[in-house]
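What follows is the content of coords11.cif, which has mmCIF, C-alpha atoms and all ligand atoms:
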```cif
data_work
#
loop_
_atom_site.group_PDB
_atom_site.id
_atom_site.type_symbol
_atom_site.label_atom_id
_atom_site.label_comp_id
_atom_site.auth_asym_id
_atom_site.auth_seq_id
_atom_site.Cartn_x
_atom_site.Cartn_y
_atom_site.Cartn_z
ATOM 1 C CA MET V 1446 100.307 113.615 116.149
ATOM 2 C CA ALA V 1447 101.490 111.895 112.956
ATOM 3 C CA LEU V 1448 98.946 110.682 110.452
ATOM 4 C CA GLN V 1449 97.648 107.216 111.322
ATOM 5 C CA LEU V 1450 96.996 104.643 108.619
ATOM 6 C CA TYR V 1451 94.812 101.650 109.463
ATOM 7 C CA ALA V 1452 95.618 98.995 106.926
ATOM 8 C CA ASP V 1453 96.405 95.411 106.026
ATOM 9 C CA LEU V 1454 98.919 95.186 103.203
ATOM 10 C CA ALA V 1455 97.215 92.075 101.865
ATOM 11 C CA SER V 1456 94.506 94.484 100.671
ATOM 12 C CA GLN V 1457 94.876 96.288 97.334
ATOM 13 C CA PRO V 1458 93.410 99.692 98.360
ATOM 14 C CA CYS V 1459 95.566 99.638 101.509
ATOM 15 C CA ARG V 1460 98.688 99.065 99.446
ATOM 16 C CA SER V 1461 97.967 102.015 97.143
ATOM 17 C CA VAL V 1462 97.651 104.367 100.131
ATOM 18 C CA TYR V 1463 100.652 102.857 101.917
ATOM 19 C CA LEU V 1464 102.850 103.150 98.809
ATOM 20 C CA PHE V 1465 101.775 106.726 98.201
ATOM 21 C CA ILE V 1466 102.599 107.712 101.779
ATOM 22 C CA ARG V 1467 105.979 105.970 101.656
ATOM 23 C CA ILE V 1468 106.994 107.317 98.237
ATOM 24 C CA ASN V 1469 106.188 110.860 99.347
ATOM 25 C CA ASN V 1470 107.835 110.529 102.755
ATOM 26 C CA ILE V 1471 104.683 111.561 104.598
ATOM 27 C CA PRO V 1472 105.218 110.982 108.333
ATOM 28 C CA PHE V 1473 102.769 108.315 109.515
ATOM 29 C CA GLU V 1474 102.095 105.528 111.952
ATOM 30 C CA LEU V 1475 100.877 102.199 110.605
ATOM 31 C CA LYS V 1476 98.056 100.649 112.637
ATOM 32 C CA GLU V 1477 97.778 97.120 111.370
ATOM 33 C CA VAL V 1478 94.269 95.667 111.065
ATOM 34 C CA ARG V 1479 94.630 91.973 110.262
ATOM 35 C CA LEU V 1480 91.731 91.101 107.988
ATOM 36 C CA ILE V 1481 92.475 87.397 108.102
ATOM 37 C CA ALA V 1482 92.018 87.501 111.895
ATOM 38 C CA GLY V 1483 88.750 89.472 111.547
ATOM 39 C CA GLU V 1484 90.137 92.544 113.346
ATOM 40 C CA GLN V 1485 88.065 94.816 111.087
ATOM 41 C CA HIS V 1486 84.978 93.600 112.979
ATOM 42 C CA SER V 1487 86.312 94.418 116.441
ATOM 43 C CA GLU V 1488 84.489 96.964 118.561
ATOM 44 C CA GLU V 1489 87.654 99.041 118.723
ATOM 45 C CA PHE V 1490 88.022 99.251 114.944
ATOM 46 C CA ARG V 1491 84.296 99.872 114.375
ATOM 47 C CA LYS V 1492 84.788 103.099 116.332
ATOM 48 C CA VAL V 1493 87.335 104.149 113.710
ATOM 49 C CA ASN V 1494 85.299 102.969 110.714
ATOM 50 C CA PRO V 1495 81.748 101.752 111.302
ATOM 51 C CA LEU V 1496 81.885 100.219 107.793
ATOM 52 C CA GLY V 1497 84.473 97.719 109.039
ATOM 53 C CA LYS V 1498 86.793 98.275 106.062
ATOM 54 C CA VAL V 1499 90.374 99.346 105.512
ATOM 55 C CA PRO V 1500 92.138 101.572 104.571
ATOM 56 C CA VAL V 1501 91.309 104.414 106.934
ATOM 57 C CA ILE V 1502 93.402 107.418 107.903
ATOM 58 C CA LYS V 1503 93.179 109.549 111.003
ATOM 59 C CA ASP V 1504 94.628 113.001 110.601
ATOM 60 C CA GLY V 1505 94.198 114.490 114.061
ATOM 61 C CA GLU V 1506 90.446 114.558 114.695
ATOM 62 C CA PHE V 1507 89.696 113.946 111.014
ATOM 63 C CA THR V 1508 88.950 110.356 109.979
ATOM 64 C CA LEU V 1509 88.660 109.327 106.330
ATOM 65 C CA CYS V 1510 87.980 106.015 104.609
ATOM 66 C CA GLU V 1511 87.869 105.022 100.904
ATOM 67 C CA SER V 1512 91.277 104.731 99.281
ATOM 68 C CA VAL V 1513 90.583 107.114 96.397
ATOM 69 C CA ALA V 1514 89.324 109.849 98.742
ATOM 70 C CA ILE V 1515 92.368 109.249 100.967
ATOM 71 C CA LEU V 1516 94.829 109.418 98.068
ATOM 72 C CA THR V 1517 93.459 112.668 96.683
ATOM 73 C CA TYR V 1518 93.249 114.170 100.198
ATOM 74 C CA LEU V 1519 96.892 113.333 100.875
ATOM 75 C CA ALA V 1520 98.052 114.570 97.467
ATOM 76 C CA CYS V 1521 96.384 117.934 98.105
ATOM 77 C CA LYS V 1522 97.263 118.248 101.784
ATOM 78 C CA TYR V 1523 100.952 117.383 101.370
ATOM 79 C CA LYS V 1524 101.296 119.092 97.977
ATOM 80 C CA THR V 1525 102.990 116.035 96.527
ATOM 81 C CA PRO V 1526 104.709 116.396 93.115
ATOM 82 C CA ASP V 1527 102.186 117.561 90.553
ATOM 83 C CA HIS V 1528 102.323 114.440 88.370
ATOM 84 C CA TRP V 1529 100.534 112.378 91.055
ATOM 85 C CA TYR V 1530 97.353 114.456 90.871
ATOM 86 C CA PRO V 1531 97.891 117.304 88.389
ATOM 87 C CA ALA V 1532 96.612 120.786 89.148
ATOM 88 C CA GLU V 1533 95.746 121.405 85.486
ATOM 89 C CA LEU V 1534 92.055 120.599 85.147
ATOM 90 C CA GLN V 1535 92.071 118.273 82.149
ATOM 91 C CA ARG V 1536 95.109 116.300 83.279
ATOM 92 C CA ARG V 1537 93.514 115.888 86.696
ATOM 93 C CA ALA V 1538 90.267 114.818 85.030
ATOM 94 C CA ARG V 1539 92.193 112.081 83.192
ATOM 95 C CA VAL V 1540 93.335 110.688 86.557
ATOM 96 C CA ASP V 1541 89.835 111.031 88.038
ATOM 97 C CA GLU V 1542 88.375 109.282 84.993
ATOM 98 C CA TYR V 1543 90.416 106.158 85.671
ATOM 99 C CA LEU V 1544 89.800 106.309 89.428
ATOM 100 C CA ALA V 1545 86.049 106.425 88.796
ATOM 101 C CA TRP V 1546 86.107 103.631 86.192
ATOM 102 C CA GLN V 1547 88.217 101.145 88.082
ATOM 103 C CA HIS V 1548 85.923 100.784 91.096
ATOM 104 C CA THR V 1549 83.388 98.619 89.328
ATOM 105 C CA ALA V 1550 85.247 97.665 86.130
ATOM 106 C CA LEU V 1551 88.736 96.437 86.995
ATOM 107 C CA ARG V 1552 89.136 96.398 90.807
ATOM 108 C CA PRO V 1553 86.804 93.476 91.584
ATOM 109 C CA LEU V 1554 88.202 91.025 89.025
ATOM 110 C CA PRO V 1555 91.842 90.317 90.013
ATOM 111 C CA GLY V 1556 90.607 90.178 93.628
ATOM 112 C CA LYS V 1557 88.020 87.567 92.657
ATOM 113 C CA ILE V 1558 90.687 85.415 90.984
ATOM 114 C CA PHE V 1559 92.765 85.680 94.150
ATOM 115 C CA MET V 1560 89.812 84.442 96.183
ATOM 116 C CA MET V 1561 88.713 81.724 93.769
ATOM 117 C CA LYS V 1562 92.134 80.276 93.104
ATOM 118 C CA GLY V 1563 93.625 80.807 96.541
ATOM 119 C CA LEU V 1564 91.030 81.205 99.261
ATOM 120 C CA PHE V 1565 88.221 79.039 97.898
ATOM 121 C CA PRO V 1566 90.045 75.671 98.117
ATOM 122 C CA VAL V 1567 91.265 76.362 101.662
ATOM 123 C CA MET V 1568 87.833 77.554 102.821
ATOM 124 C CA MET V 1569 85.660 75.067 101.001
ATOM 125 C CA GLY V 1570 87.954 72.065 100.904
ATOM 126 C CA ALA V 1571 87.586 71.750 97.109
ATOM 127 C CA PRO V 1572 88.830 73.704 94.076
ATOM 128 C CA CYS V 1573 86.668 76.516 92.749
ATOM 129 C CA PRO V 1574 84.496 75.269 89.853
ATOM 130 C CA GLU V 1575 86.416 75.753 86.607
ATOM 131 C CA ASP V 1576 83.481 77.417 84.781
ATOM 132 C CA LYS V 1577 83.238 80.150 87.464
ATOM 133 C CA MET V 1578 86.960 80.792 87.210
ATOM 134 C CA THR V 1579 86.828 80.953 83.399
ATOM 135 C CA GLU V 1580 83.950 83.451 83.576
ATOM 136 C CA VAL V 1581 86.013 85.841 85.709
ATOM 137 C CA LYS V 1582 89.151 85.375 83.607
ATOM 138 C CA VAL V 1583 87.159 86.304 80.486
ATOM 139 C CA GLU V 1584 85.714 89.377 82.235
ATOM 140 C CA LEU V 1585 89.199 90.379 83.365
ATOM 141 C CA ALA V 1586 90.599 89.974 79.839
ATOM 142 C CA GLN V 1587 87.840 92.298 78.567
ATOM 143 C CA ALA V 1588 88.519 94.854 81.308
ATOM 144 C CA LEU V 1589 92.237 94.761 80.478
ATOM 145 C CA LYS V 1590 91.417 95.386 76.814
ATOM 146 C CA SER V 1591 89.471 98.499 77.852
ATOM 147 C CA PHE V 1592 92.289 99.468 80.197
ATOM 148 C CA GLN V 1593 94.799 99.325 77.365
ATOM 149 C CA GLU V 1594 92.695 100.767 74.537
ATOM 150 C CA LYS V 1595 90.834 103.489 76.410
ATOM 151 C CA PHE V 1596 92.985 104.409 79.405
ATOM 152 C CA LEU V 1597 96.620 103.654 78.657
ATOM 153 C CA GLN V 1598 96.626 103.862 74.853
ATOM 154 C CA GLU V 1599 100.162 104.496 73.597
ATOM 155 C CA ARG V 1600 101.152 106.560 76.641
ATOM 156 C CA PRO V 1601 103.828 105.469 79.107
ATOM 157 C CA TYR V 1602 101.403 106.028 82.007
ATOM 158 C CA ILE V 1603 97.637 106.442 82.269
ATOM 159 C CA ALA V 1604 97.679 110.236 82.471
ATOM 160 C CA GLY V 1605 100.668 110.894 80.220
ATOM 161 C CA SER V 1606 104.412 110.775 80.503
ATOM 162 C CA GLU V 1607 104.586 110.507 84.316
ATOM 163 C CA ILE V 1608 103.136 108.251 86.976
ATOM 164 C CA SER V 1609 99.909 109.340 88.690
ATOM 165 C CA LEU V 1610 97.505 108.064 91.331
ATOM 166 C CA ALA V 1611 95.706 106.179 88.554
ATOM 167 C CA ASP V 1612 98.739 103.960 87.836
ATOM 168 C CA LEU V 1613 99.267 103.284 91.518
ATOM 169 C CA VAL V 1614 95.671 102.190 91.999
ATOM 170 C CA ALA V 1615 95.814 99.992 88.895
ATOM 171 C CA ILE V 1616 99.077 98.235 89.678
ATOM 172 C CA VAL V 1617 98.134 97.084 93.179
ATOM 173 C CA ASP V 1618 94.979 95.486 91.789
ATOM 174 C CA LEU V 1619 96.848 93.665 89.059
ATOM 175 C CA ALA V 1620 99.422 92.385 91.559
ATOM 176 C CA GLN V 1621 96.781 90.672 93.718
ATOM 177 C CA PRO V 1622 96.438 87.386 91.780
ATOM 178 C CA LEU V 1623 100.229 86.997 91.567
ATOM 179 C CA GLY V 1624 99.872 85.758 95.153
ATOM 180 C CA VAL V 1625 98.053 82.698 93.844
ATOM 181 C CA GLY V 1626 100.295 82.150 90.841
ATOM 182 C CA TYR V 1627 98.144 83.889 88.220
ATOM 183 C CA ASP V 1628 99.608 86.723 86.174
ATOM 184 C CA PRO V 1629 96.768 88.635 84.496
ATOM 185 C CA LEU V 1630 99.231 90.438 82.204
ATOM 186 C CA GLU V 1631 100.808 87.314 80.746
ATOM 187 C CA GLY V 1632 100.861 87.577 76.946
ATOM 188 C CA LEU V 1633 100.129 91.329 77.054
ATOM 189 C CA PRO V 1634 103.497 92.977 76.272
ATOM 190 C CA ALA V 1635 102.301 96.611 76.307
ATOM 191 C CA LEU V 1636 100.746 96.177 79.742
ATOM 192 C CA THR V 1637 103.715 94.202 81.043
ATOM 193 C CA ALA V 1638 105.988 97.067 79.933
ATOM 194 C CA TRP V 1639 103.662 99.562 81.688
ATOM 195 C CA ARG V 1640 103.826 97.468 84.890
ATOM 196 C CA ASP V 1641 107.584 97.490 84.685
ATOM 197 C CA ARG V 1642 107.675 101.281 84.305
ATOM 198 C CA VAL V 1643 105.321 101.771 87.250
ATOM 199 C CA LYS V 1644 107.393 99.461 89.466
ATOM 200 C CA THR V 1645 110.528 101.391 88.603
ATOM 201 C CA ALA V 1646 108.814 104.732 89.274
ATOM 202 C CA VAL V 1647 107.547 103.457 92.647
ATOM 203 C CA GLY V 1648 110.916 101.889 93.518
ATOM 204 C CA ARG V 1649 111.313 98.137 93.095
ATOM 205 C CA ASP V 1650 112.414 97.488 96.623
ATOM 206 C CA LEU V 1651 109.490 99.300 98.169
ATOM 207 C CA PHE V 1652 107.079 97.712 95.696
ATOM 208 C CA ASP V 1653 108.315 94.180 96.402
ATOM 209 C CA LYS V 1654 108.387 94.598 100.175
ATOM 210 C CA THR V 1655 104.849 96.023 100.160
ATOM 211 C CA HIS V 1656 103.662 92.976 98.218
ATOM 212 C CA GLU V 1657 105.407 90.334 100.337
ATOM 213 C CA GLY V 1658 102.231 89.672 102.337
ATOM 214 C CA VAL V 1659 100.067 89.049 99.318
ATOM 215 C CA LEU V 1660 102.660 86.728 97.816
ATOM 216 C CA THR V 1661 102.653 84.617 100.989
ATOM 217 C CA ALA V 1662 98.939 85.005 101.785
ATOM 218 C CA LEU V 1663 98.161 81.439 100.813
ATOM 219 C CA ASP V 1664 100.707 79.949 103.208
ATOM 220 C CA THR V 1665 99.371 82.173 106.010
ATOM 221 C CA LEU V 1666 95.851 80.995 105.309
ATOM 222 C CA LYS V 1667 96.835 77.330 105.197
ATOM 223 C CA SER V 1668 98.618 77.540 108.532
ATOM 224 C CA LEU V 1669 95.622 79.400 109.976
ATOM 225 C CA SER V 1670 93.271 76.626 108.902
ATOM 226 C CA GLN V 1671 95.317 74.212 111.020
ATOM 227 C CA SER V 1672 96.137 76.388 114.029
ATOM 228 C CA GLN V 1673 93.002 78.539 114.402
ATOM 229 C CA PRO V 1674 89.933 76.773 112.993
ATOM 230 C CA GLU V 1675 87.539 79.237 114.722
ATOM 231 C CA THR V 1676 89.162 82.218 112.925
ATOM 232 C CA LEU V 1677 88.872 80.320 109.673
ATOM 233 C CA ALA V 1678 85.160 79.656 110.332
ATOM 234 C CA ALA V 1679 84.530 83.406 110.853
ATOM 235 C CA LEU V 1680 86.473 84.177 107.700
ATOM 236 C CA LYS V 1681 84.439 81.624 105.778
ATOM 237 C CA THR V 1682 81.140 83.342 106.685
ATOM 238 C CA ASN V 1683 82.507 86.625 105.365
ATOM 239 C CA PHE V 1684 83.955 84.928 102.276
ATOM 240 C CA MET V 1685 80.616 83.320 101.325
ATOM 241 C CA LYS V 1686 79.150 86.798 100.695
ATOM 242 C CA TYR V 1687 81.264 87.025 97.552
ATOM 243 C CA PHE V 1688 79.845 83.819 96.124
ATOM 244 C CA LYS V 1689 76.120 84.341 96.616
HETATM 245 N N1 LIG N 1 86.185 101.044 98.178
HETATM 246 C C1 LIG N 1 87.001 100.821 99.354
HETATM 247 C C2 LIG N 1 87.144 99.329 99.544
HETATM 248 C C3 LIG N 1 87.569 98.996 100.956
HETATM 249 C C4 LIG N 1 87.521 97.488 101.142
HETATM 250 O O1 LIG N 1 86.624 96.802 100.624
HETATM 251 N N2 LIG N 1 88.476 96.978 101.889
HETATM 252 C C5 LIG N 1 88.515 95.546 102.155
HETATM 253 C C6 LIG N 1 89.924 95.015 101.957
HETATM 254 S S1 LIG N 1 90.379 95.085 100.240
HETATM 255 C C7 LIG N 1 88.113 95.300 103.587
HETATM 256 O O2 LIG N 1 88.460 96.031 104.475
HETATM 257 N N3 LIG N 1 87.378 94.197 103.807
HETATM 258 C C8 LIG N 1 87.019 93.788 105.113
HETATM 259 C C9 LIG N 1 85.696 93.079 105.142
HETATM 260 O O3 LIG N 1 84.929 93.210 104.170
HETATM 261 O O4 LIG N 1 85.444 92.409 106.133
HETATM 262 C C10 LIG N 1 88.377 101.482 99.166
HETATM 263 O O5 LIG N 1 88.782 101.683 98.017
HETATM 264 O O6 LIG N 1 89.003 101.829 100.166
#
```
The structure given in the file should be rewritten as structure tokens.
Ligand SMILES: N[C@@H](CCC(=O)N[C@@H](CS)C(=O)NCC(=O)O)C(=O)O
Amino acid sequence: MALQLYADLASQPCRSVYLFIRINNIPFELKEVRLIAGEQHSEEFRKVNPLGKVPVIKDGEFTLCESVAILTYLACKYKTPDHWYPAELQRRARVDEYLAWQHTALRPLPGKIFMMKGLFPVMMGAPCPEDKMTEVKVELAQALKSFQEKFLQERPYIAGSEISLADLVAIVDLAQPLGVGYDPLEGLPALTAWRDRVKTAVGRDLFDKTHEGVLTALDTLKSLSQSQPETLAALKTNFMKYFK
């Protein structure tokens, strides 16, 4: 049986796994879990991942969640080109270093802007308070400074001269707020050039198609608020957790 990927492409970690699978031509079946419709909470999906989160892969009897664990598992299992997750210890450690850092440092921030600028007004019926938004933008600017000075430096890619899992994980995060009209790399030419290189290495067509959902997420949400108010109410309860 082909590998199964449970995912919603509106989610950043799902996109990194999906892109990696597609770029490396790994045979797979996409099992869509629509987060906006609350499908991650269904009894059926809870049997796959009791945590109620995507992405998840099923490789025969083996089930694995957490995007970073999935990416490194796939790189090793399918022996993908070395640059993705180098065999040489110190080069691999450079990739792992970014993957460990991003979880709490960079990953949450572009996602928060996406929610505050895009989801908040639809859910709450009013714009997100400007001071809250500014706080996150400042935090993101600081994280991007660390990203550039510590992780990317003068290199073309995070781990050197070729793309790795680290770049893939970073780029999907930074693409998230584009869906609500906010470009976190505006005015940062070195990072904009890095983004351009990563897109080219991934393949522009594949990159753009994979991001279509996030770029239209706001329209989907607005139409949902009119056509399915009960789904929106369930989504709102979940959403409030982020703003405690
Ligand atoms: N650390 C996990 C994060 C997984 C995660 O939080 N996924 C979100 C989508 S980005 C999710 O499934 N959320 C559903 C929910 O919280 O209801 C990973 O990297 O895979």
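The shortest atom-to-atom distance to ligand LIG 1 (chain N), with all atoms listed in the file taken into account, belongs to V:Gln1457 out of V:Gln1621, V:Gln1457, V:Gln1587, V:Gln1673.
Between ligand LIG 1 (chain N) and the residues V:Glu1488, V:Asp1504, V:Asp1628, V:Glu1511, the shortest atom-to-atom distance, using only C-alpha atoms and all ligand atoms, involves V:Glu1511.
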Taking the file above as input, evaluate the PyMOL selection byres (((chain V and resi 1639) around 12) and not hetatm) and report the hits as a PDB file with C-alpha atoms, in the frame of the given file.
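Saved to out-v3.pdb:
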```pdb
ATOM      1  CA  PHE V1592      92.289  99.468  80.197  1.00  0.00           C
ATOM      2  CA  GLN V1593      94.799  99.325  77.365  1.00  0.00           C
ATOM      3  CA  PHE V1596      92.985 104.409  79.405  1.00  0.00           C
ATOM      4  CA  LEU V1597      96.620 103.654  78.657  1.00  0.00           C
ATOM      5  CA  GLN V1598      96.626 103.862  74.853  1.00  0.00           C
ATOM      6  CA  GLU V1599     100.162 104.496  73.597  1.00  0.00           C
ATOM      7  CA  ARG V1600     101.152 106.560  76.641  1.00  0.00           C
ATOM      8  CA  PRO V1601     103.828 105.469  79.107  1.00  0.00           C
ATOM      9  CA  TYR V1602     101.403 106.028  82.007  1.00  0.00           C
ATOM     10  CA  ILE V1603      97.637 106.442  82.269  1.00  0.00           C
ATOM     11  CA  GLY V1605     100.668 110.894  80.220  1.00  0.00           C
ATOM     12  CA  SER V1606     104.412 110.775  80.503  1.00  0.00           C
ATOM     13  CA  GLU V1607     104.586 110.507  84.316  1.00  0.00           C
ATOM     14  CA  ILE V1608     103.136 108.251  86.976  1.00  0.00           C
ATOM     15  CA  ASP V1612      98.739 103.960  87.836  1.00  0.00           C
ATOM     16  CA  LEU V1613      99.267 103.284  91.518  1.00  0.00           C
ATOM     17  CA  ALA V1615      95.814  99.992  88.895  1.00  0.00           C
ATOM     18  CA  ILE V1616      99.077  98.235  89.678  1.00  0.00           C
ATOM     19  CA  LEU V1619      96.848  93.665  89.059  1.00  0.00           C
ATOM     20  CA  LEU V1630      99.231  90.438  82.204  1.00  0.00           C
ATOM     21  CA  LEU V1633     100.129  91.329  77.054  1.00  0.00           C
ATOM     22  CA  PRO V1634     103.497  92.977  76.272  1.00  0.00           C
ATOM     23  CA  ALA V1635     102.301  96.611  76.307  1.00  0.00           C
ATOM     24  CA  LEU V1636     100.746  96.177  79.742  1.00  0.00           C
ATOM     25  CA  THR V1637     103.715  94.202  81.043  1.00  0.00           C
ATOM     26  CA  ALA V1638     105.988  97.067  79.933  1.00  0.00           C
ATOM     27  CA  ARG V1640     103.826  97.468  84.890  1.00  0.00           C
ATOM     28  CA  ASP V1641     107.584  97.490  84.685  1.00  0.00           C
ATOM     29  CA  ARG V1642     107.675 101.281  84.305  1.00  0.00           C
ATOM     30  CA  VAL V1643     105.321 101.771  87.250  1.00  0.00           C
ATOM     31  CA  LYS V1644     107.393  99.461  89.466  1.00  0.00           C
ATOM     32  CA  THR V1645     110.528 101.391  88.603  1.00  0.00           C
ATOM     33  CA  ALA V1646     108.814 104.732  89.274  1.00  0.00           C
TER      34      ALA V1646
END
```
Please indicate the distance in Å from CA of Pro1472 (chain V) to CA of Leu1544 (chain V), rounded to one decimal place.
-> 24.8 Å
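Compared by their closest atoms to ligand LIG 1 (chain N), and using all atoms listed in the file, the residues V:Met1560, V:Ile1471, V:Leu1663, V:Cys1573 rank with V:Met1560 nearest.
With distances taken over only C-alpha atoms and all ligand atoms, V:Ala1452 is the one residue among V:Val1540, V:Ala1604, V:Ala1452, V:Ala1571 lying closest to ligand LIG 1 (chain N).
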May I ask for the distance between CA of Tyr1451 (chain V) and CA of Gly1658 (chain V), given in Å to one decimal place?
-> 15.8 Å
Can you list every residue of chain V that has an atom at most 6 Å from ligand LIG 1 (chain N), with its nearest atom pair and the distance in Å to one decimal, using all atoms listed in the file, ordered by chain then number, as a tab-separated table?
```
residue	atom	partner	partner_atom	distance
V:Ser1456	CA	N:LIG1	S1	4.2
V:Gln1457	CA	N:LIG1	S1	5.5
V:Pro1458	CA	N:LIG1	O5	5.0
V:Lys1498	CA	N:LIG1	O2	3.2
V:Val1499	CA	N:LIG1	O2	4.0
V:Pro1500	CA	N:LIG1	O6	5.4
V:Glu1511	CA	N:LIG1	O6	3.5
V:Ser1512	CA	N:LIG1	O6	3.8
V:Val1513	CA	N:LIG1	O5	5.9
```
For Leu1677 (chain V), please output as a PyMOL selection string all residues within 8 Å (counting only C-alpha atoms; exclusion window: fewer than 6 positions along the same chain).
-> chain V and resi 1568+1669-1670
Tell me, in Å to one decimal, how far CA of Thr1508 (chain V) is from CA of Gln1449 (chain V).
-> 9.3 Å
Can you pull out every residue within 12 Å of Lys1492 (chain V), counting all atoms listed in the file, but drop anything in the same chain fewer than 5 positions away, and send it as a ChimeraX atom specification?
-> /V:1485-1487,1497-1498,1501,1503,1508
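In terms of minimum interatomic distance to Glu1474 (chain V), V:Leu1448 ranks closest within V:Leu1448, V:Leu1666, V:Ala1455, V:Ile1558, counting all atoms listed in the file.
Comparing the minimum interatomic distances between Leu1464 (chain V) and each of V:Leu1450, V:Ala1532, V:Leu1585, V:Leu1680, counting all atoms listed in the file, we find that V:Leu1450 sits nearest.
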Just so the selection is clear, what residues does the PyMOL selection byres (((chain V and resi 1555) around 9) and not hetatm) cover here, as number ranges by chain?
-> V: 1551-1554, 1556-1560, 1581-1582, 1585, 1618-1622, 1629
If we count all atoms listed in the file, what is near Arg1479 (chain V) at a cut-off of 9 Å, once residues fewer than 2 positions away on the same chain are taken out, given as a CSV table (one decimal) with C-alpha atoms, keeping the file's coordinate frame?
```
chain,number,residue,atom,x,y,z
V,1452,ALA,CA,95.6,99.0,106.9
V,1453,ASP,CA,96.4,95.4,106.0
V,1454,LEU,CA,98.9,95.2,103.2
V,1455,ALA,CA,97.2,92.1,101.9
V,1477,GLU,CA,97.8,97.1,111.4
V,1481,ILE,CA,92.5,87.4,108.1
V,1482,ALA,CA,92.0,87.5,111.9
V,1483,GLY,CA,88.8,89.5,111.5
V,1484,GLU,CA,90.1,92.5,113.3
V,1485,GLN,CA,88.1,94.8,111.1
```
Tell me which residues the PyMOL selection byres (((chain V and resi 1466) around 10) and not hetatm) grabs here, as a count of residues only.
-> 20
